[in-house]
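Chemist: Have a peek at structure_24.tsv (TSV, C-alpha atoms).
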chain	number	residue	atom	x	y	z
A	1	MET	CA	-144.17	13.04	9.03
A	2	THR	CA	-146.78	14.36	6.62
A	3	SER	CA	-150.25	14.08	8.03
A	4	PHE	CA	-152.75	11.95	6.16
A	5	ARG	CA	-155.09	14.93	5.95
A	6	ILE	CA	-152.45	16.95	4.11
A	7	GLU	CA	-151.62	14.09	1.74
A	8	GLU	CA	-155.31	13.64	1.03
A	9	PHE	CA	-155.78	17.36	0.37
A	10	VAL	CA	-152.80	17.55	-1.98
A	11	ALA	CA	-153.94	14.40	-3.81
A	12	LYS	CA	-157.35	15.99	-4.39
A	13	VAL	CA	-155.73	19.11	-5.80
A	14	LEU	CA	-153.47	17.10	-8.10
A	15	ALA	CA	-156.38	14.94	-9.30
A	16	ARG	CA	-158.00	18.08	-10.69
A	17	LEU	CA	-154.97	19.45	-12.48
A	18	GLN	CA	-154.25	18.81	-16.13
A	19	VAL	CA	-150.54	19.51	-16.22
A	20	ASP	CA	-147.54	17.40	-17.17
A	21	ALA	CA	-146.17	14.84	-14.71
A	22	ALA	CA	-143.07	16.89	-13.83
A	23	THR	CA	-145.17	19.95	-12.92
A	24	LYS	CA	-147.51	17.76	-10.90
A	25	LYS	CA	-144.57	16.37	-8.96
A	26	ARG	CA	-143.25	19.88	-8.40
A	27	ILE	CA	-146.60	21.11	-7.12
A	28	GLU	CA	-147.02	18.05	-4.93
A	29	ARG	CA	-143.73	18.70	-3.09
A	30	ASP	CA	-144.11	22.46	-2.85
A	31	LEU	CA	-147.76	22.46	-1.83
A	32	THR	CA	-147.12	19.79	0.81
A	33	ALA	CA	-144.15	21.75	2.16
A	34	SER	CA	-146.14	24.98	2.21
A	35	ILE	CA	-149.10	23.45	4.05
A	36	LEU	CA	-146.69	21.90	6.55
A	37	GLU	CA	-145.17	25.34	7.10
A	38	ARG	CA	-148.62	26.78	7.74
A	39	ALA	CA	-149.50	23.80	9.96
A	40	GLU	CA	-146.45	24.35	12.15
A	41	ARG	CA	-147.86	27.75	13.07
A	42	GLU	CA	-151.57	27.09	13.32
A	43	GLY	CA	-152.20	23.32	13.20
A	44	VAL	CA	-153.16	21.07	10.31
A	45	GLU	CA	-156.91	21.69	10.29
A	46	ALA	CA	-156.62	25.46	10.48
A	47	ALA	CA	-153.95	25.43	7.75
A	48	LEU	CA	-156.17	23.39	5.45
A	49	GLN	CA	-159.14	25.60	6.23
A	50	ARG	CA	-157.13	28.63	5.21
A	51	MET	CA	-156.09	27.01	1.95
A	52	GLY	CA	-159.67	26.84	0.68
A	53	THR	CA	-161.13	23.78	-1.01
A	54	PRO	CA	-159.01	21.51	-3.23
A	55	GLU	CA	-161.11	22.71	-6.17
A	56	GLU	CA	-160.23	26.34	-5.45
A	57	VAL	CA	-156.53	25.59	-5.05
A	58	ALA	CA	-156.48	23.55	-8.27
A	59	ARG	CA	-158.33	26.29	-10.14
A	60	GLU	CA	-155.86	28.92	-8.96
A	61	PHE	CA	-152.86	26.82	-9.98
A	62	SER	CA	-154.49	26.13	-13.34
A	63	GLU	CA	-155.27	29.76	-14.02
A	64	ASN	CA	-151.69	30.73	-13.31
A	65	LEU	CA	-150.09	27.82	-15.11
A	66	GLY	CA	-152.38	27.90	-18.11
A	67	GLY	CA	-153.71	24.41	-17.40
A	68	LYS	CA	-157.19	23.00	-17.05
A	69	VAL	CA	-159.22	21.76	-14.13
A	70	GLU	CA	-160.82	18.40	-14.56
A	71	GLU	CA	-164.35	17.41	-13.57
A	72	ASP	CA	-164.52	20.07	-10.89
A	73	ARG	CA	-168.29	20.06	-10.78
A	74	LEU	CA	-168.46	16.39	-9.78
A	75	PRO	CA	-168.07	14.97	-6.31
A	76	ASP	CA	-164.52	13.69	-5.71
A	77	GLN	CA	-165.10	9.98	-5.71
A	78	LEU	CA	-167.53	10.05	-8.61
A	79	ALA	CA	-165.15	12.10	-10.73
A	80	GLN	CA	-162.37	9.62	-9.98
A	81	LEU	CA	-164.58	6.63	-10.74
A	82	ILE	CA	-165.83	8.05	-14.01
A	83	LYS	CA	-162.30	8.99	-14.97
A	84	ASN	CA	-161.07	5.49	-14.16
A	85	PHE	CA	-163.82	3.69	-16.00
A	86	GLY	CA	-164.18	5.75	-19.10
A	87	GLY	CA	-167.34	7.60	-18.18
A	88	TYR	CA	-169.66	4.58	-18.09
A	89	PRO	CA	-171.15	4.26	-14.63
A	90	TYR	CA	-171.73	0.49	-14.84
A	91	TYR	CA	-169.69	-2.63	-14.85
A	92	GLU	CA	-171.33	-4.75	-17.53
A	93	TYR	CA	-170.61	-8.12	-19.02
A	94	LYS	CA	-172.83	-9.66	-21.65
A	95	SER	CA	-171.78	-12.94	-23.20
A	96	LYS	CA	-171.87	-13.19	-26.97
A	97	ARG	CA	-173.50	-16.61	-26.89
A	98	THR	CA	-177.26	-16.56	-26.64
A	99	LEU	CA	-180.02	-19.00	-25.89
A	100	PHE	CA	-183.69	-18.30	-26.59
A	101	GLY	CA	-182.67	-14.82	-27.69
A	102	LEU	CA	-181.06	-14.05	-24.34
A	103	PRO	CA	-177.35	-13.81	-23.59
A	104	LEU	CA	-176.09	-16.77	-21.61
A	105	VAL	CA	-174.71	-14.39	-19.00
A	106	HIS	CA	-175.60	-10.76	-18.41
A	107	ILE	CA	-174.08	-8.98	-15.44
A	108	LYS	CA	-174.75	-5.30	-14.94
A	109	LEU	CA	-173.64	-3.56	-11.75
A	110	ARG	CA	-173.51	0.09	-10.77
A	111	ARG	CA	-170.14	1.56	-9.97
A	112	THR	CA	-171.57	4.75	-8.51
A	113	SER	CA	-174.19	3.78	-5.97
A	114	PHE	CA	-177.52	5.45	-6.66
A	115	ILE	CA	-176.19	8.92	-7.33
A	116	PRO	CA	-176.48	10.08	-10.93
A	117	PRO	CA	-175.46	9.17	-13.56
A	118	GLY	CA	-175.77	5.60	-12.25
A	119	GLY	CA	-179.43	4.60	-12.34
A	120	LEU	CA	-180.73	1.11	-11.72
A	121	ALA	CA	-178.85	-1.61	-13.53
A	122	VAL	CA	-181.18	-3.99	-15.32
A	123	ALA	CA	-179.85	-7.35	-16.47
A	124	LYS	CA	-181.58	-9.91	-18.66
A	125	GLY	CA	-180.03	-13.24	-19.49
A	126	ILE	CA	-180.07	-16.96	-18.90
A	127	LEU	CA	-177.91	-16.10	-15.91
A	128	ALA	CA	-178.65	-12.50	-14.94
A	129	VAL	CA	-177.09	-10.39	-12.20
A	130	GLY	CA	-178.13	-6.80	-11.65
A	131	ASP	CA	-180.18	-4.45	-9.51
A	132	ILE	CA	-183.15	-5.84	-11.35
A	133	ALA	CA	-182.46	-9.21	-12.87
A	134	PHE	CA	-184.58	-11.31	-15.18
A	135	GLY	CA	-183.30	-14.73	-16.09
A	136	PHE	CA	-183.52	-18.47	-15.80
A	137	ALA	CA	-181.16	-17.96	-12.89
A	138	SER	CA	-181.21	-14.43	-11.54
A	139	MET	CA	-179.64	-12.51	-8.72
A	140	GLY	CA	-180.39	-8.92	-7.78
A	141	ILE	CA	-182.22	-6.54	-5.53
A	142	LEU	CA	-185.29	-7.52	-7.47
A	143	SER	CA	-184.89	-10.82	-9.19
A	144	PHE	CA	-187.24	-12.78	-11.38
A	145	GLY	CA	-186.42	-16.21	-12.70
A	146	LEU	CA	-186.78	-19.93	-12.45
A	147	LEU	CA	-184.11	-19.80	-9.78
A	148	SER	CA	-183.97	-16.37	-8.23
A	149	LEU	CA	-182.02	-14.89	-5.38
A	150	GLY	CA	-182.47	-11.34	-4.16
A	151	VAL	CA	-183.89	-8.91	-1.66
A	152	LEU	CA	-187.22	-9.49	-3.35
A	153	SER	CA	-187.12	-12.61	-5.44
A	154	ILE	CA	-189.85	-14.17	-7.45
A	155	GLY	CA	-189.48	-17.45	-9.24
A	156	LEU	CA	-190.01	-21.16	-9.38
A	157	LEU	CA	-187.34	-21.48	-6.72
A	158	ALA	CA	-186.95	-18.19	-4.90
A	159	PHE	CA	-184.65	-17.22	-2.06
A	160	GLY	CA	-184.25	-13.83	-0.46
A	161	ALA	CA	-185.42	-11.42	2.19
A	162	ILE	CA	-188.84	-11.67	0.62
A	163	ALA	CA	-189.18	-14.73	-1.54
A	164	LEU	CA	-192.15	-15.68	-3.60
A	165	GLY	CA	-191.62	-19.13	-5.07
A	166	LEU	CA	-194.09	-21.00	-7.18
A	167	GLY	CA	-192.28	-24.15	-6.19
A	168	MET	CA	-190.05	-23.43	-3.26
A	169	ALA	CA	-189.38	-20.25	-1.34
A	170	GLY	CA	-186.89	-19.53	1.39
A	171	GLY	CA	-186.36	-16.23	3.15
A	172	ALA	CA	-187.29	-13.95	5.99
A	173	ILE	CA	-190.73	-13.90	4.47
A	174	ALA	CA	-191.29	-16.85	2.22
A	175	VAL	CA	-194.36	-17.66	0.23
A	176	GLY	CA	-194.44	-20.76	-1.93
A	177	THR	CA	-195.70	-24.27	-2.39
A	178	PHE	CA	-192.87	-25.24	-0.08
A	179	ALA	CA	-191.92	-22.30	2.10
A	180	ALA	CA	-189.32	-21.95	4.81
A	181	GLY	CA	-188.57	-18.75	6.66
A	182	ALA	CA	-189.15	-16.57	9.67
A	183	ILE	CA	-192.63	-16.16	8.30
A	184	ALA	CA	-193.51	-18.95	5.93
A	185	VAL	CA	-196.71	-19.30	4.01
A	186	GLY	CA	-197.18	-22.31	1.79
A	187	VAL	CA	-198.84	-25.61	1.17
A	188	VAL	CA	-196.00	-27.01	3.22
A	189	SER	CA	-194.39	-24.43	5.45
A	190	PHE	CA	-191.64	-24.32	8.03
A	191	GLY	CA	-190.96	-21.21	10.07
A	192	ALA	CA	-191.11	-19.24	13.25
A	193	LEU	CA	-194.59	-18.50	12.06
A	194	ALA	CA	-195.71	-21.17	9.65
A	195	ILE	CA	-199.00	-20.99	7.83
A	196	GLY	CA	-200.11	-23.73	5.47
A	197	HIS	CA	-201.89	-27.00	4.84
A	198	MET	CA	-199.00	-28.55	6.68
A	199	ALA	CA	-197.27	-26.16	9.01
A	200	VAL	CA	-194.31	-26.78	11.26
A	201	GLY	CA	-192.86	-24.13	13.52
A	202	ALA	CA	-192.92	-22.13	16.72
A	203	GLU	CA	-196.32	-20.76	15.84
A	204	VAL	CA	-198.41	-22.69	13.37
A	205	VAL	CA	-201.64	-22.22	11.51
A	206	GLY	CA	-203.02	-24.96	9.27
A	207	GLU	CA	-204.68	-28.35	9.00
A	208	ILE	CA	-201.72	-30.56	9.78
A	209	THR	CA	-199.61	-28.69	12.23
A	210	ARG	CA	-196.74	-29.41	14.55
A	211	LYS	CA	-195.81	-26.80	17.07
A	212	VAL	CA	-192.15	-27.13	17.89
A	213	THR	CA	-191.02	-26.17	21.37
A	214	ASN	CA	-187.95	-26.75	23.50
A	215	ALA	CA	-189.87	-29.37	25.39
A	216	GLU	CA	-191.07	-31.01	22.20
A	217	PRO	CA	-188.45	-30.76	19.47
A	218	LEU	CA	-188.91	-32.54	16.16
A	219	ARG	CA	-188.10	-36.22	16.31
A	220	GLN	CA	-186.24	-38.05	13.62
A	221	GLY	CA	-188.69	-39.22	10.96
A	222	GLU	CA	-191.47	-36.99	12.19
A	223	ILE	CA	-191.52	-34.87	9.03
A	224	ARG	CA	-192.21	-37.97	6.99
A	225	GLU	CA	-195.11	-38.84	9.31
A	226	LEU	CA	-196.51	-35.33	8.94
A	227	LEU	CA	-196.22	-35.48	5.15
A	228	ARG	CA	-198.04	-38.82	5.14
A	229	ALA	CA	-200.80	-37.29	7.21
A	230	ALA	CA	-201.06	-34.17	5.04
A	231	PHE	CA	-200.76	-35.92	1.68
A	232	PRO	CA	-201.84	-39.51	2.15
A	233	ASN	CA	-202.01	-40.17	-1.58
A	234	TRP	CA	-198.44	-38.96	-2.22
A	235	PHE	CA	-196.58	-40.25	0.81
A	236	LYS	CA	-197.43	-43.78	1.78
B	1	MET	CA	-160.46	37.34	-12.77
B	2	ASN	CA	-160.94	41.02	-12.13
B	3	GLU	CA	-158.74	43.90	-13.29
B	4	SER	CA	-157.21	44.32	-9.83
B	5	SER	CA	-156.00	40.69	-9.87
B	6	GLN	CA	-154.43	41.17	-13.28
B	7	LEU	CA	-152.61	44.27	-12.09
B	8	LYS	CA	-151.34	42.42	-9.03
B	9	LYS	CA	-150.11	39.50	-11.07
B	10	GLY	CA	-148.28	41.85	-13.37
B	11	VAL	CA	-146.01	43.01	-10.58
B	12	LEU	CA	-145.52	39.77	-8.68
B	13	ASP	CA	-142.26	38.91	-10.42
B	14	ILE	CA	-140.66	42.16	-9.36
B	15	LEU	CA	-141.96	41.89	-5.78
B	16	VAL	CA	-140.72	38.33	-5.36
B	17	LEU	CA	-137.32	39.19	-6.81
B	18	HIS	CA	-137.13	42.20	-4.53
B	19	LEU	CA	-137.90	40.19	-1.39
B	20	LEU	CA	-135.40	37.51	-2.34
B	21	GLY	CA	-132.84	40.21	-2.99
B	22	SER	CA	-132.41	40.72	0.73
B	23	ALA	CA	-132.83	37.17	2.08
B	24	ASP	CA	-133.44	33.57	1.11
B	25	LEU	CA	-137.07	32.76	1.88
B	26	TYR	CA	-139.31	29.72	1.74
B	27	GLY	CA	-142.77	29.69	0.19
B	28	TYR	CA	-144.88	30.52	3.18
B	29	GLN	CA	-142.44	33.25	4.24
B	30	LEU	CA	-142.87	34.90	0.85
B	31	ILE	CA	-146.64	34.73	1.21
B	32	SER	CA	-146.45	36.23	4.70
B	33	GLU	CA	-143.99	38.95	3.73
B	34	LEU	CA	-146.05	40.06	0.74
B	35	ASP	CA	-149.19	40.09	2.88
B	36	GLU	CA	-147.64	42.04	5.76
B	37	ARG	CA	-145.62	44.54	3.76
B	38	SER	CA	-148.56	45.35	1.46
B	39	ARG	CA	-150.92	45.54	4.47
B	40	GLY	CA	-153.03	42.76	3.07
B	41	TYR	CA	-153.22	43.96	-0.53
B	42	PHE	CA	-150.98	41.17	-1.83
B	43	ARG	CA	-152.60	38.38	0.19
B	44	MET	CA	-152.07	35.40	-2.05
B	45	LYS	CA	-152.18	31.66	-1.89
B	46	GLU	CA	-149.91	28.94	-3.11
B	47	GLY	CA	-151.77	28.60	-6.39
B	48	THR	CA	-150.67	32.09	-7.35
B	49	LEU	CA	-147.22	32.23	-5.77
B	50	TYR	CA	-145.76	28.93	-6.95
B	51	PRO	CA	-146.44	29.46	-10.67
B	52	VAL	CA	-144.53	32.77	-10.30
B	53	LEU	CA	-141.67	30.97	-8.56
B	54	TYR	CA	-141.64	28.23	-11.23
B	55	ARG	CA	-141.47	30.84	-13.99
B	56	LEU	CA	-138.61	32.69	-12.30
B	57	GLU	CA	-136.77	29.47	-11.49
B	58	ASP	CA	-137.14	28.14	-15.03
B	59	GLY	CA	-135.88	31.48	-16.32
B	60	GLY	CA	-132.77	31.18	-14.16
B	61	TYR	CA	-133.64	34.23	-12.05
B	62	ILE	CA	-133.98	32.32	-8.79
B	63	GLU	CA	-132.90	28.91	-7.56
B	64	SER	CA	-134.15	26.68	-4.80
B	65	TYR	CA	-132.68	24.35	-2.24
B	66	TRP	CA	-134.14	22.15	0.45
B	67	GLU	CA	-133.09	22.62	4.00
B	68	GLU	CA	-133.62	19.78	6.44
B	69	LYS	CA	-134.42	20.85	9.95
B	70	ASP	CA	-132.24	19.38	12.63
B	71	ALA	CA	-133.65	16.43	14.54
B	72	ALA	CA	-134.27	18.48	17.68
B	73	LYS	CA	-136.74	20.77	15.92
B	74	ARG	CA	-138.63	17.87	14.29
B	75	GLY	CA	-140.01	20.04	11.51
B	76	ALA	CA	-140.68	19.37	7.85
B	77	PRO	CA	-137.91	20.17	5.35
B	78	ARG	CA	-138.26	23.62	3.82
B	79	LYS	CA	-137.65	24.69	0.27
B	80	TYR	CA	-135.82	28.00	0.21
B	81	TYR	CA	-135.50	30.28	-2.78
B	82	ARG	CA	-132.58	32.57	-3.47
B	83	ILE	CA	-132.00	35.12	-6.18
B	84	THR	CA	-129.32	34.54	-8.82
B	85	GLN	CA	-127.12	37.14	-10.49
B	86	ASP	CA	-129.40	37.04	-13.53
B	87	GLY	CA	-132.28	37.58	-11.13
B	88	ARG	CA	-130.69	40.71	-9.70
B	89	THR	CA	-130.21	42.05	-13.21
B	90	ARG	CA	-133.80	41.13	-14.07
B	91	GLU	CA	-135.05	42.87	-10.92
B	92	GLN	CA	-133.32	46.10	-11.99
B	93	GLU	CA	-134.77	45.84	-15.50
B	94	LEU	CA	-138.27	45.27	-14.17
B	95	LYS	CA	-137.96	48.14	-11.71
B	96	ALA	CA	-136.88	50.44	-14.54
B	97	ASP	CA	-139.86	49.25	-16.62
B	98	LEU	CA	-142.21	49.80	-13.71
B	99	LYS	CA	-140.85	53.25	-13.05
B	100	HIS	CA	-141.36	54.14	-16.70
B	101	PHE	CA	-144.85	52.65	-16.58
B	102	MET	CA	-145.87	54.63	-13.49
B	103	THR	CA	-144.35	57.84	-14.77
B	104	SER	CA	-146.26	57.45	-18.03
B	105	ILE	CA	-149.51	56.90	-16.18
B	106	GLN	CA	-148.90	60.00	-14.07
B	107	HIS	CA	-148.32	61.98	-17.22
B	108	VAL	CA	-151.67	60.92	-18.57
B	109	LEU	CA	-153.65	61.26	-15.38
B	110	GLY	CA	-151.93	64.37	-14.16
B	111	GLY	CA	-153.32	65.43	-10.84
B	112	ASP	CA	-156.24	62.98	-10.95
B	113	LEU	CA	-154.28	60.17	-9.29
What is this structure when it is put down as structure tokens?

Modeler:
Amino acid sequence: MTSFRIEEFVAKVLARLQVDAATKKRIERDLTASILERAEREGVEAALQRMGTPEEVAREFSENLGGKVEEDRLPDQLAQLIKNFGGYPYYEYKSKRTLFGLPLVHIKLRRTSFIPPGGLAVAKGILAVGDIAFGFASMGILSFGLLSLGVLSIGLLAFGAIALGLGMAGGAIAVGTFAAGAIAVGVVSFGALAIGHMAVGAEVVGEITRKVTNAEPLRQGEIRELLRAAFPNWFK
Amino acid sequence: MNESSQLKKGVLDILVLHLLGSADLYGYQLISELDERSRGYFRMKEGTLYPVLYRLEDGGYIESYWEEKDAAKRGAPRKYYRITQDGRTREQELKADLKHFMTSIQHVLGGDL
């Protein structure tokens, strides 16, 4: 049985060769057989080591067959990705319909991680998805919008690892009028550490506070009582 | 590619035909034989050998066949090459050309070689 390492090596060589399909097939069989013959004597790893890199093997075949070597300066996976997707390192969808001058949907995602040529993907739309996303509804590593979701999200309603919400925020660190999170800072806050005018949590700092413990868990209806106490004009 | 490589490639056809003239060989055997008999001068890899074999096979000078190993040996199938009658004729023609080539060089260089 052909070892996976040999198949992988041969596939890398073939990926770099610009020759017709029949020649590729011929090389695939012969190169595999030859490496197996070497491997029988010295083991797979030593045989592959002796072959040189896939780039070198492909170049040698190309020189002697009069073919070309493709993308040999690029890392393997990147070369394959760029080849597959026509050279553009992003997946991008932008709807034709617009609202307030913005596309209804703009999605822009990197195909190639952070290595060049794929820089940050910036999306702007009513619904925006990207590394950095600006939109009425946005999702991204950094997201800004009325409703935003991301590692760092800022918006009217914001959710994420770090969420800054003018209205409501939820996240590991949440800052907002209403904030809920491991660390929550807000007018009304709920969290392991809750800081606010009304604060509910394991550790609390504020004017109207309720420290929640195993011995004293929240009772049903208690939130309403706390809200009445914190905002007597709003909650009666 | 340096001049030495070009010179080597120019004589590979004749060397391969010569080796196959005495026995059927598979790819790695050809590589090993060329390496050993030339004391390392013709140390080549698959990327050089197989294009030579393809050219000779397409020209009808050699032919190939796969030989399955028996189950007891549990080895991979091997592709053997053997010389054809046209190949033997071609080998003689190339040897005559080479002899003429070397003689001509000796005439030019005289005792300097």

Chemist: Taking only C-alpha atoms into account, report as a PyMOL selection string which residues of chain B lie within 10 Å of chain A.

Modeler: chain B and resi 1+9+26-29+31+45-52+54-55+74-79

Chemist: Between CA of Ala121 (chain A) and CA of Leu109 (chain A), what is the distance, to one decimal in Å?

Modeler: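 Between these atoms lies a distance of 5.8 Å.
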
Chemist: Using Å and a single decimal, report how far CA of Gly181 (chain A) sits from CA of Ala137 (chain A).

Modeler: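 Distance between the two atoms: 20.9 Å.
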
Chemist: Which residue, B:Leu30, B:Asp97, B:Gly60, B:Ser104, has the smallest gap to His18 (chain B) when you use all atoms listed in the file?

Modeler: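 Among B:Leu30, B:Asp97, B:Gly60, B:Ser104, it is B:Leu30 that comes nearest to His18 (chain B).
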
Chemist: Please determine, counting all atoms listed in the file, which residue among B:Asp13, B:Asp24, B:Glu67, B:Glu36 has the shortest atom-to-atom distance to Ile83 (chain B).

Modeler: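 Closest residue, counting all atoms listed in the file: B:Asp24.
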
Chemist: Hey, which of B:Glu68, B:Glu57, B:Ser32, B:Arg39 ends up closest to Thr84 (chain B)? Count all atoms listed in the file.

Modeler: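 Nearest to Thr84 (chain B): B:Glu57.
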
Chemist: In Å to one decimal, how far is CA of Gly10 (chain B) from CA of Val13 (chain A)?

Modeler: 25.1 Å
